[in-house]
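Here the structure comes first, spelled out in structure tokens, and everything after it is commentary.
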Amino acid sequence: MREIVPTRFDPWSKHPTAAKVLLDPAGKRLDSAQFARMISGAEQAARDLIFLVGGAAGLPPAWRESAARNNMRNKGDLLLSLSEMTMPHELARVVLAEQIYRAFTLLRGHPYPK
């Protein structure tokens, strides 16, 4: 996990084959089981996932447009909503980390997700 400066980083050129998952309130809503299936699909395809959380100003509009465009082309990019509620980006990172941990424990048969 690292913080980046959007004007100095382009996830599409830096990680061209990875699927980008951009957290956005207007994105698709998944429950924990659906999220785990998304992780499993990337794992089975041996495809990296890059999760991007916007700062206080949100994500750059061009990034959201690229993700939406690539999603329509079935290139694996996704706008994902953690909640319709507004939350600080620091909290969104914690919620995302917990959901990634939950997904892996669910996929490995660990009893944590109950």
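Labels for the structure tokens follow display order: chains A, B, ..., residues from 1 in each chain, ligands from 1.
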
Give me, as JSON lines, the closest atom pair and its distance (Å, one decimal) for every residue of segment 59-100 of chain A within a cut-off of 10 Å of segment 37-53 of chain A, counting only C-alpha atoms, rows sorted by chain and rising number.
{"residue": "A:Leu59", "atom": "CA", "partner": "A:Val53", "partner_atom": "CA", "distance": 7.2}
{"residue": "A:Trp63", "atom": "CA", "partner": "A:Leu52", "partner_atom": "CA", "distance": 9.7}
{"residue": "A:Gly76", "atom": "CA", "partner": "A:Ala42", "partner_atom": "CA", "distance": 8.9}
{"residue": "A:Asp77", "atom": "CA", "partner": "A:Leu49", "partner_atom": "CA", "distance": 9.0}
{"residue": "A:Leu78", "atom": "CA", "partner": "A:Phe51", "partner_atom": "CA", "distance": 9.6}
{"residue": "A:Leu79", "atom": "CA", "partner": "A:Leu52", "partner_atom": "CA", "distance": 9.6}
{"residue": "A:Leu80", "atom": "CA", "partner": "A:Phe51", "partner_atom": "CA", "distance": 9.5}
{"residue": "A:His89", "atom": "CA", "partner": "A:Val53", "partner_atom": "CA", "distance": 6.7}
{"residue": "A:Glu90", "atom": "CA", "partner": "A:Val53", "partner_atom": "CA", "distance": 8.9}
{"residue": "A:Ala92", "atom": "CA", "partner": "A:Val53", "partner_atom": "CA", "distance": 7.3}
{"residue": "A:Arg93", "atom": "CA", "partner": "A:Val53", "partner_atom": "CA", "distance": 6.9}
{"residue": "A:Leu96", "atom": "CA", "partner": "A:Phe51", "partner_atom": "CA", "distance": 8.7}
{"residue": "A:Ala97", "atom": "CA", "partner": "A:Phe51", "partner_atom": "CA", "distance": 9.9}
{"residue": "A:Ile100", "atom": "CA", "partner": "A:Ile39", "partner_atom": "CA", "distance": 8.0}

Dump of N, CA and C atoms for the selected residues, as an mmCIF file, in the first residue's frame:
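Result went into part-v1.cif, see below:
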data_model
loop_
_atom_site.group_PDB
_atom_site.id
_atom_site.type_symbol
_atom_site.label_atom_id
_atom_site.label_comp_id
_atom_site.auth_asym_id
_atom_site.auth_seq_id
_atom_site.Cartn_x
_atom_site.Cartn_y
_atom_site.Cartn_z
ATOM 1 N N LEU A 59 -10.982 10.446 -7.047
ATOM 2 C CA LEU A 59 -10.115 9.975 -8.130
ATOM 3 C C LEU A 59 -10.096 10.977 -9.282
ATOM 4 N N TRP A 63 -9.216 8.855 -14.802
ATOM 5 C CA TRP A 63 -9.053 7.471 -14.326
ATOM 6 C C TRP A 63 -10.400 6.767 -14.274
ATOM 7 N N GLY A 76 -11.426 -5.977 -17.552
ATOM 8 C CA GLY A 76 -11.218 -6.266 -16.142
ATOM 9 C C GLY A 76 -11.229 -5.083 -15.202
ATOM 10 N N ASP A 77 -11.188 -3.872 -15.703
ATOM 11 C CA ASP A 77 -11.214 -2.719 -14.812
ATOM 12 C C ASP A 77 -12.619 -2.550 -14.246
ATOM 13 N N LEU A 78 -12.693 -1.981 -13.045
ATOM 14 C CA LEU A 78 -13.970 -1.899 -12.356
ATOM 15 C C LEU A 78 -14.009 -0.680 -11.459
ATOM 16 N N LEU A 79 -15.130 0.027 -11.485
ATOM 17 C CA LEU A 79 -15.413 1.032 -10.476
ATOM 18 C C LEU A 79 -16.192 0.302 -9.391
ATOM 19 N N LEU A 80 -15.700 0.354 -8.158
ATOM 20 C CA LEU A 80 -16.282 -0.396 -7.051
ATOM 21 C C LEU A 80 -16.675 0.552 -5.935
ATOM 22 N N HIS A 89 -10.767 8.826 3.051
ATOM 23 C CA HIS A 89 -10.031 7.841 2.257
ATOM 24 C C HIS A 89 -9.205 6.914 3.135
ATOM 25 N N GLU A 90 -8.758 7.392 4.297
ATOM 26 C CA GLU A 90 -8.015 6.523 5.210
ATOM 27 C C GLU A 90 -8.901 5.375 5.708
ATOM 28 N N ALA A 92 -11.585 4.242 4.093
ATOM 29 C CA ALA A 92 -11.864 3.402 2.916
ATOM 30 C C ALA A 92 -10.731 2.396 2.716
ATOM 31 N N ARG A 93 -9.491 2.810 2.945
ATOM 32 C CA ARG A 93 -8.359 1.876 2.810
ATOM 33 C C ARG A 93 -8.447 0.749 3.830
ATOM 34 N N LEU A 96 -11.279 -1.580 2.737
ATOM 35 C CA LEU A 96 -10.806 -2.367 1.596
ATOM 36 C C LEU A 96 -9.844 -3.462 2.040
ATOM 37 N N ALA A 97 -8.884 -3.125 2.903
ATOM 38 C CA ALA A 97 -7.922 -4.126 3.385
ATOM 39 C C ALA A 97 -8.642 -5.256 4.108
ATOM 40 N N ILE A 100 -10.331 -7.497 1.523
ATOM 41 C CA ILE A 100 -9.353 -8.345 0.826
ATOM 42 C C ILE A 100 -8.958 -9.511 1.738
#

Can you pull out the residues contacting Pro88 of chain A? Cut-off 12 Å, using only C-alpha atoms, and skip same-chain residues under 2 positions away; I want them as an MDAnalysis selection string. chainID A and resid 53:58 82:83 85:86 90:95

Could those residues be written to a file, using N, CA and C atoms, as a short mmCIF file (atom, residue, chain, number, x, y, z; two decimals), in the first residue's frame?
data_model
loop_
_atom_site.label_atom_id
_atom_site.label_comp_id
_atom_site.auth_asym_id
_atom_site.auth_seq_id
_atom_site.Cartn_x
_atom_site.Cartn_y
_atom_site.Cartn_z
N VAL A 53 -7.62 4.00 -4.35
CA VAL A 53 -8.52 4.76 -3.48
C VAL A 53 -8.19 6.23 -3.68
N GLY A 54 -9.17 7.03 -3.97
CA GLY A 54 -8.94 8.46 -4.16
C GLY A 54 -8.68 9.16 -2.84
N GLY A 55 -8.05 10.29 -2.94
CA GLY A 55 -7.79 11.11 -1.76
C GLY A 55 -9.00 11.97 -1.45
N ALA A 56 -8.78 13.05 -0.74
CA ALA A 56 -9.87 13.93 -0.33
C ALA A 56 -10.66 14.47 -1.51
N ALA A 57 -10.00 14.65 -2.65
CA ALA A 57 -10.67 15.17 -3.84
C ALA A 57 -11.22 14.04 -4.72
N GLY A 58 -11.08 12.80 -4.28
CA GLY A 58 -11.56 11.67 -5.08
C GLY A 58 -10.53 11.27 -6.13
N LEU A 82 -17.65 0.91 -2.01
CA LEU A 82 -17.66 0.26 -0.70
C LEU A 82 -18.93 0.59 0.06
N SER A 83 -19.50 1.75 -0.25
CA SER A 83 -20.70 2.21 0.45
C SER A 83 -21.23 3.45 -0.26
N MET A 85 -22.28 5.78 1.55
CA MET A 85 -21.93 6.82 2.52
C MET A 85 -20.55 7.39 2.21
N THR A 86 -20.36 8.64 2.54
CA THR A 86 -19.06 9.28 2.38
C THR A 86 -18.19 8.89 3.57
N GLU A 90 -8.76 7.39 4.30
CA GLU A 90 -8.02 6.52 5.21
C GLU A 90 -8.90 5.38 5.71
N LEU A 91 -10.16 5.67 6.00
CA LEU A 91 -11.09 4.64 6.44
C LEU A 91 -11.44 3.70 5.29
N ALA A 92 -11.59 4.24 4.09
CA ALA A 92 -11.86 3.40 2.92
C ALA A 92 -10.73 2.40 2.72
N ARG A 93 -9.49 2.81 2.94
CA ARG A 93 -8.36 1.88 2.81
C ARG A 93 -8.45 0.75 3.83
N VAL A 94 -8.85 1.07 5.05
CA VAL A 94 -8.99 0.05 6.08
C VAL A 94 -10.11 -0.93 5.72
N VAL A 95 -11.25 -0.40 5.28
CA VAL A 95 -12.38 -1.26 4.89
C VAL A 95 -11.96 -2.14 3.71
#

Write out as a ChimeraX atom specification which residues come within 10 Å of Trp12 of chain A when counting only C-alpha atoms, dropping same-chain ones fewer than 5 positions away. /A:17-20,63,66-67

Pull N, CA, C and O atoms from the residues just selected and write them as a PDB file, in the first residue's frame.
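result-v6.pdb, freshly written:
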ATOM      1  N   THR A  17      -1.063  -4.762 -17.672  1.00  0.00           N
ATOM      2  CA  THR A  17      -1.832  -6.006 -17.728  1.00  0.00           C
ATOM      3  C   THR A  17      -2.693  -6.240 -16.487  1.00  0.00           C
ATOM      4  O   THR A  17      -3.507  -7.160 -16.472  1.00  0.00           O
ATOM      5  N   ALA A  18      -2.523  -5.425 -15.472  1.00  0.00           N
ATOM      6  CA  ALA A  18      -3.292  -5.596 -14.235  1.00  0.00           C
ATOM      7  C   ALA A  18      -4.704  -5.041 -14.401  1.00  0.00           C
ATOM      8  O   ALA A  18      -4.922  -4.068 -15.117  1.00  0.00           O
ATOM      9  N   ALA A  19      -5.644  -5.670 -13.717  1.00  0.00           N
ATOM     10  CA  ALA A  19      -7.002  -5.125 -13.648  1.00  0.00           C
ATOM     11  C   ALA A  19      -7.007  -4.042 -12.573  1.00  0.00           C
ATOM     12  O   ALA A  19      -6.466  -4.235 -11.488  1.00  0.00           O
ATOM     13  N   LYS A  20      -7.572  -2.904 -12.899  1.00  0.00           N
ATOM     14  CA  LYS A  20      -7.632  -1.798 -11.951  1.00  0.00           C
ATOM     15  C   LYS A  20      -9.016  -1.770 -11.315  1.00  0.00           C
ATOM     16  O   LYS A  20     -10.022  -1.787 -12.008  1.00  0.00           O
ATOM     17  N   TRP A  63      -9.216   8.855 -14.802  1.00  0.00           N
ATOM     18  CA  TRP A  63      -9.053   7.471 -14.326  1.00  0.00           C
ATOM     19  C   TRP A  63     -10.400   6.767 -14.274  1.00  0.00           C
ATOM     20  O   TRP A  63     -10.521   5.622 -14.672  1.00  0.00           O
ATOM     21  N   SER A  66     -11.453   5.948 -17.781  1.00  0.00           N
ATOM     22  CA  SER A  66     -10.691   4.811 -18.330  1.00  0.00           C
ATOM     23  C   SER A  66     -11.191   3.494 -17.760  1.00  0.00           C
ATOM     24  O   SER A  66     -11.358   2.515 -18.489  1.00  0.00           O
ATOM     25  N   ALA A  67     -11.450   3.458 -16.459  1.00  0.00           N
ATOM     26  CA  ALA A  67     -11.941   2.229 -15.837  1.00  0.00           C
ATOM     27  C   ALA A  67     -13.311   1.853 -16.391  1.00  0.00           C
ATOM     28  O   ALA A  67     -13.558   0.688 -16.715  1.00  0.00           O
TER      29      ALA A  67
END

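Between Leu23 of chain A and the residues A:Arg64, A:Arg2, A:Arg8, A:Arg108, the shortest atom-to-atom distance, using only C-alpha atoms, involves A:Arg64.
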
I need the residues of chain A that end up classed as alpha helix (DSSP H) by DSSP on the backbone, written out as a PyMOL selection string. chain A and resi 11-14+32-44+61-72+89-107
